[in-house]
>>> print(open('coords_38.cif').read())   # mmCIF, C-alpha atoms
data_start
loop_
_atom_site.label_atom_id
_atom_site.label_comp_id
_atom_site.auth_asym_id
_atom_site.auth_seq_id
_atom_site.Cartn_x
_atom_site.Cartn_y
_atom_site.Cartn_z
CA MET A 13 103.58 85.84 97.50
CA ASP A 14 104.72 83.67 100.41
CA ALA A 15 101.90 81.30 101.40
CA THR A 16 102.51 82.12 105.04
CA ARG A 17 102.06 85.85 104.28
CA PRO A 18 98.62 86.40 102.72
CA TRP A 19 99.23 90.11 102.22
CA THR A 20 101.58 92.48 100.44
CA VAL A 21 101.08 95.55 102.61
CA LEU A 22 100.55 95.48 106.35
CA LEU A 23 99.50 98.67 108.12
CA LEU A 24 100.41 98.62 111.81
CA GLY A 25 98.69 101.52 113.50
CA GLY A 26 98.07 102.81 116.97
CA ALA A 27 98.51 105.90 119.08
CA SER A 28 101.90 107.24 120.06
CA GLY A 29 103.50 105.20 122.83
CA VAL A 30 101.88 101.79 122.23
CA GLY A 31 105.03 100.08 120.91
CA LYS A 32 104.37 99.98 117.16
CA SER A 33 108.00 100.33 116.08
CA GLN A 34 109.18 97.36 118.11
CA ILE A 35 106.36 95.13 116.89
CA SER A 36 106.64 96.24 113.26
CA ARG A 37 110.29 95.19 113.15
CA ARG A 38 109.47 91.80 114.66
CA LEU A 39 106.56 91.28 112.25
CA ALA A 40 108.71 92.29 109.28
CA ARG A 41 111.37 89.74 110.24
CA HIS A 42 108.72 87.05 110.72
CA PHE A 43 107.07 87.70 107.35
CA ASP A 44 110.25 88.63 105.42
CA ALA A 45 109.08 92.16 104.65
CA GLU A 46 110.62 95.62 104.79
CA VAL A 47 109.55 98.28 107.28
CA THR A 48 108.54 101.83 106.39
CA ALA A 49 108.02 104.35 109.18
CA VAL A 50 105.04 106.55 108.36
CA ASP A 51 106.70 109.28 110.46
CA ASP A 52 109.29 109.57 107.67
CA ILE A 53 106.54 110.29 105.17
CA TYR A 54 105.09 112.87 107.56
CA LEU A 55 108.48 114.59 107.78
CA ALA A 56 108.76 114.64 103.99
CA LEU A 57 105.30 116.19 103.74
CA GLU A 58 106.29 118.83 106.28
CA ARG A 59 109.40 119.69 104.27
CA MET A 60 107.75 119.67 100.83
CA THR A 61 104.53 121.54 101.58
CA THR A 62 103.55 124.91 102.99
CA PRO A 63 101.35 125.75 105.97
CA GLU A 64 98.84 127.19 103.52
CA GLN A 65 98.57 123.85 101.73
CA TYR A 66 98.40 121.59 104.80
CA PRO A 67 97.99 123.65 107.98
CA GLU A 68 97.63 120.65 110.34
CA VAL A 69 100.92 119.12 109.17
CA HIS A 70 102.77 122.32 110.07
CA ARG A 71 100.79 123.28 113.17
CA TRP A 72 102.99 121.57 115.77
CA ARG A 73 106.25 122.90 114.32
CA LEU A 74 104.95 126.46 114.03
CA SER A 75 102.80 126.70 117.17
CA PRO A 76 103.49 123.92 119.69
CA GLU A 77 102.01 125.99 122.52
CA GLU A 78 98.77 126.35 120.56
CA VAL A 79 98.52 122.58 120.05
CA LEU A 80 99.32 121.89 123.70
CA GLY A 81 96.58 124.35 124.67
CA LEU A 82 93.89 122.44 122.79
CA ASP A 83 91.20 120.63 124.75
CA ASP A 84 90.71 116.87 124.39
CA GLU A 85 88.47 117.18 121.35
CA GLY A 86 90.81 119.68 119.71
CA MET A 87 93.79 117.39 120.19
CA LEU A 88 91.87 114.52 118.60
CA ASP A 89 90.82 116.70 115.67
CA HIS A 90 94.44 117.77 115.18
CA ALA A 91 95.65 114.15 115.07
CA LEU A 92 92.89 113.17 112.64
CA GLY A 93 93.70 116.15 110.43
CA CYS A 94 97.33 115.03 110.20
CA ALA A 95 96.22 111.44 109.56
CA SER A 96 94.00 112.45 106.65
CA VAL A 97 96.95 114.12 104.90
CA VAL A 98 99.21 111.12 105.51
CA THR A 99 96.50 108.81 104.15
CA GLU A 100 96.43 110.78 100.90
CA ALA A 101 100.22 110.61 100.61
CA LEU A 102 100.32 106.86 101.29
CA GLU A 103 97.92 105.84 98.54
CA PRO A 104 100.46 105.86 95.66
CA VAL A 105 103.09 104.24 97.87
CA ILE A 106 100.76 101.37 98.74
CA ALA A 107 99.72 101.09 95.09
CA GLU A 108 103.37 100.71 94.08
CA HIS A 109 103.85 97.86 96.55
CA LEU A 110 100.71 96.14 95.29
CA GLU A 111 101.93 96.38 91.71
CA SER A 112 105.45 95.17 92.51
CA SER A 113 104.34 92.59 95.11
CA GLU A 114 107.16 93.76 97.39
CA ALA A 115 106.03 93.12 100.94
CA ALA A 116 106.11 96.04 103.36
CA VAL A 117 105.03 96.81 106.90
CA PHE A 118 104.04 100.45 107.41
CA ASP A 119 103.91 101.60 111.00
CA GLY A 120 102.82 104.94 112.37
CA ASP A 121 100.53 107.04 114.51
CA PHE A 122 98.72 108.54 111.54
CA LEU A 123 97.39 105.33 109.99
CA LEU A 124 93.61 105.04 110.03
CA PRO A 125 91.41 101.92 109.80
CA ALA A 126 89.56 103.48 106.85
CA LEU A 127 92.77 103.32 104.81
CA ALA A 128 93.01 99.54 105.21
CA ALA A 129 89.36 99.16 104.25
CA LYS A 130 89.83 100.73 100.80
CA ALA A 131 89.03 98.49 97.83
CA SER A 132 91.78 100.03 95.69
CA PHE A 133 94.77 102.35 95.89
CA ASP A 134 95.29 104.72 92.96
CA ASP A 135 93.13 102.37 90.87
CA VAL A 136 95.18 99.29 91.84
CA PRO A 137 92.77 96.75 93.36
CA ALA A 138 93.64 95.70 96.89
CA GLU A 139 92.12 92.22 96.47
CA GLY A 140 92.79 91.34 100.09
CA ARG A 141 96.49 92.15 99.82
CA VAL A 142 96.33 95.07 102.27
CA ARG A 143 95.91 94.06 105.89
CA ALA A 144 95.97 96.14 109.04
CA LEU A 145 96.36 95.71 112.75
CA PHE A 146 96.00 98.33 115.45
CA LEU A 147 97.61 98.20 118.88
CA LEU A 148 95.71 99.58 121.86
CA GLU A 149 96.86 100.68 125.30
CA THR A 150 95.42 102.12 128.50
CA GLU A 151 95.96 105.74 129.49
CA GLU A 152 97.91 104.67 132.59
CA GLN A 153 100.23 102.42 130.62
CA LEU A 154 100.80 105.09 127.98
CA ALA A 155 101.90 107.46 130.75
CA ARG A 156 104.32 104.81 132.02
CA ASN A 157 105.60 104.19 128.49
CA PHE A 158 106.30 107.89 127.88
CA LEU A 159 108.04 108.18 131.25
CA ALA A 160 110.24 105.16 130.52
CA ARG A 161 111.02 106.29 126.98
CA GLU A 162 111.60 109.99 127.56
CA GLY A 163 112.33 110.31 131.27
CA GLN A 164 109.55 112.72 132.23
CA GLU A 165 105.90 112.66 133.25
CA GLN A 166 103.59 113.46 130.33
CA ALA A 167 100.05 113.09 131.63
CA ARG A 168 98.59 115.46 129.04
CA ARG A 169 100.24 113.61 126.18
CA ALA A 170 99.17 110.24 127.58
CA ARG A 171 95.57 111.48 127.80
CA ALA A 172 95.61 112.70 124.18
CA SER A 173 97.22 109.48 122.99
CA TRP A 174 94.67 107.35 124.84
CA ARG A 175 91.72 109.30 123.39
CA TYR A 176 93.16 108.81 119.91
CA SER A 177 93.60 105.11 120.72
CA GLU A 178 89.96 104.83 121.74
CA HIS A 179 88.91 106.53 118.51
CA LEU A 180 90.97 103.98 116.57
CA ARG A 181 89.32 101.16 118.55
CA GLN A 182 85.88 102.39 117.50
CA GLU A 183 86.93 102.81 113.87
CA CYS A 184 88.42 99.31 113.81
CA ALA A 185 85.10 97.92 114.98
CA ARG A 186 83.27 99.96 112.34
CA PHE A 187 85.48 98.74 109.47
CA GLY A 188 86.09 95.21 110.70
CA ILE A 189 89.83 95.77 111.21
CA PRO A 190 91.58 93.77 113.96
CA ALA A 191 92.75 95.63 117.05
CA ILE A 192 94.56 94.02 119.97
CA ASP A 193 95.83 95.13 123.36
CA ALA A 194 99.58 95.68 123.42
CA ARG A 195 99.73 93.97 126.84
CA PRO A 196 100.76 91.40 127.84
CA TRP A 197 103.89 92.33 125.94
CA ASP A 198 105.44 88.86 125.95
CA THR A 199 102.60 87.46 123.81
CA VAL A 200 101.92 90.43 121.55
CA LEU A 201 103.86 89.09 118.55
CA GLU A 202 101.97 85.79 118.52
CA ARG A 203 98.65 87.55 119.03
CA ALA A 204 99.47 90.01 116.25
CA ILE A 205 100.31 87.22 113.80
CA ASP A 206 97.07 85.42 114.66
CA ALA A 207 95.02 88.61 114.24
CA ILE A 208 96.58 89.40 110.86
CA ARG A 209 95.94 85.93 109.49
CA THR A 210 92.28 85.66 110.49
#
>>> encode(input="coords_38.cif", output="structure tokens")
Amino acid sequence: MDATRPWTVLLLGGASGVGKSQISRRLARHFDAEVTAVDDIYLALERMTTPEQYPEVHRWRLSPEEVLGLDDEGMLDHALGCASVVTEALEPVIAEHLESSEAAVFDGDFLLPALAAKASFDDVPAEGRVRALFLLETEEQLARNFLAREGQEQARRARASWRYSEHLRQECARFGIPAIDARPWDTVLERAIDAIRT
């Protein structure tokens, strides 16, 4: 393991719209690691399972209007339901990286602080080799980010994303996982590196 990289697996989490993909690529270059998008794993789960097996994973594809009609608490529960399935799917993948010592940055909406706090992954001890960092953003900035990225106002989505972000903030505090504000953007890489190393 590179002495400047005291981890094998880095989980970079945060709500949709905070800028995880951009930062994960920069962190991977800095630490000489590969990047895995957790969204890809989610898509594989959606393809390889049935709605009866994992209803939350299929809910958006089958009934987007139902999901959009959920209240704030329902939207949060939906996101957490998807995250719990992704967490289960990631365990053997993380275990494989720990066994091979191949460094990887995983980034995605459905990463939870509890995953990084696990002592082992499929019976492979973590031994401090799994680190995590969560990016946080304000509701107003999330709305601006979605507008810039997709060209339309998405106040409802920004609200849901912010509430999920606040849940992640609380869980990070509970598990002792670092969480940093995505802004100011020009210093986020340096702040992320510092947070990961402490």
>>> closest_atom_pairs(input="coords_38.cif", of="region 39-75 of chain A", to="region 187-207 of chain A", cutoff="12 Å", atoms="all atoms listed in the file", output="JSON lines")
{"residue": "A:Leu39", "atom": "CA", "partner": "A:Leu201", "partner_atom": "CA", "distance": 7.2}
{"residue": "A:Ala40", "atom": "CA", "partner": "A:Ile205", "partner_atom": "CA", "distance": 10.8}
{"residue": "A:Arg41", "atom": "CA", "partner": "A:Leu201", "partner_atom": "CA", "distance": 11.2}
{"residue": "A:His42", "atom": "CA", "partner": "A:Ile205", "partner_atom": "CA", "distance": 9.0}
{"residue": "A:Phe43", "atom": "CA", "partner": "A:Ile205", "partner_atom": "CA", "distance": 9.4}
>>> resolve_selection(input="coords_38.cif", expression="the PyMOL selection byres ((chain A and resi 126-131) around 7)", output="VMD selection string")
chain A and resid 99 124 to 125 132 137 to 138 142 to 144 187
>>> write_last_selection(input="coords_38.cif", atoms="C-alpha atoms", output="short mmCIF file (atom, residue, chain, number, x, y, z; two decimals), in the coordinates of the input")
data_model
loop_
_atom_site.label_atom_id
_atom_site.label_comp_id
_atom_site.auth_asym_id
_atom_site.auth_seq_id
_atom_site.Cartn_x
_atom_site.Cartn_y
_atom_site.Cartn_z
CA THR A 99 96.50 108.81 104.15
CA LEU A 124 93.61 105.04 110.03
CA PRO A 125 91.41 101.92 109.80
CA SER A 132 91.78 100.03 95.69
CA PRO A 137 92.77 96.75 93.36
CA ALA A 138 93.64 95.70 96.89
CA VAL A 142 96.33 95.07 102.27
CA ARG A 143 95.91 94.06 105.89
CA ALA A 144 95.97 96.14 109.04
CA PHE A 187 85.48 98.74 109.47
#
>>> atom_distance(input="coords_38.cif", atom1="CA of Val136 (chain A)", atom2="CA of Ala115 (chain A)")
15.4 Å
>>> resolve_selection(input="coords_38.cif", expression="the PyMOL selection byres ((chain A and resi 77-87) around 12)", output="list in words")
Glu68, Val69, His70, Arg71, Trp72, Arg73, Leu74, Ser75, Pro76, Leu88, Asp89, His90, Ala91, Leu92, Gly93, Cys94, Gln166, Ala167, Arg168, Arg169, Ala170, Arg171, Ala172, Ser173, Trp174, Arg175, Tyr176 and His179 of chain A
>>> atom_distance(input="coords_38.cif", atom1="CA of Arg186 (chain A)", atom2="CA of Gly31 (chain A)")
23.4 Å
>>> build_atoms(input="coords_38.cif", residues="region 23-35 of chain A", atoms="N, CA, C and O atoms", output="short mmCIF file (atom, residue, chain, number, x, y, z; two decimals), keeping the file's coordinate frame")
data_model
loop_
_atom_site.label_atom_id
_atom_site.label_comp_id
_atom_site.auth_asym_id
_atom_site.auth_seq_id
_atom_site.Cartn_x
_atom_site.Cartn_y
_atom_site.Cartn_z
N LEU A 23 99.53 97.39 107.42
CA LEU A 23 99.50 98.67 108.12
C LEU A 23 99.40 98.40 109.61
O LEU A 23 98.44 97.78 110.08
N LEU A 24 100.41 98.81 110.36
CA LEU A 24 100.41 98.62 111.81
C LEU A 24 100.23 99.98 112.46
O LEU A 24 101.15 100.80 112.48
N GLY A 25 99.02 100.21 112.95
CA GLY A 25 98.69 101.52 113.50
C GLY A 25 98.48 101.49 115.00
O GLY A 25 98.46 100.44 115.64
N GLY A 26 98.30 102.66 115.54
CA GLY A 26 98.07 102.81 116.97
C GLY A 26 98.56 104.17 117.41
O GLY A 26 99.35 104.82 116.71
N ALA A 27 98.11 104.59 118.56
CA ALA A 27 98.51 105.90 119.08
C ALA A 27 99.98 105.91 119.47
O ALA A 27 100.61 104.86 119.65
N SER A 28 100.52 107.09 119.62
CA SER A 28 101.90 107.24 120.06
C SER A 28 102.09 106.58 121.42
O SER A 28 101.27 106.73 122.32
N GLY A 29 103.17 105.80 121.54
CA GLY A 29 103.50 105.20 122.83
C GLY A 29 103.04 103.78 123.02
O GLY A 29 103.29 103.20 124.09
N VAL A 30 102.39 103.16 122.02
CA VAL A 30 101.88 101.79 122.23
C VAL A 30 102.91 100.71 121.89
O VAL A 30 102.70 99.55 122.19
N GLY A 31 104.01 101.07 121.24
CA GLY A 31 105.03 100.08 120.91
C GLY A 31 105.03 99.59 119.48
O GLY A 31 105.52 98.50 119.19
N LYS A 32 104.49 100.39 118.57
CA LYS A 32 104.37 99.98 117.16
C LYS A 32 105.72 99.66 116.52
O LYS A 32 105.85 98.68 115.79
N SER A 33 106.71 100.50 116.77
CA SER A 33 108.00 100.33 116.08
C SER A 33 108.64 98.99 116.44
O SER A 33 109.17 98.30 115.57
N GLN A 34 108.59 98.64 117.70
CA GLN A 34 109.18 97.36 118.11
C GLN A 34 108.46 96.19 117.47
O GLN A 34 109.09 95.25 116.98
N ILE A 35 107.13 96.24 117.46
CA ILE A 35 106.36 95.13 116.89
C ILE A 35 106.49 95.09 115.38
O ILE A 35 106.56 94.01 114.78
#
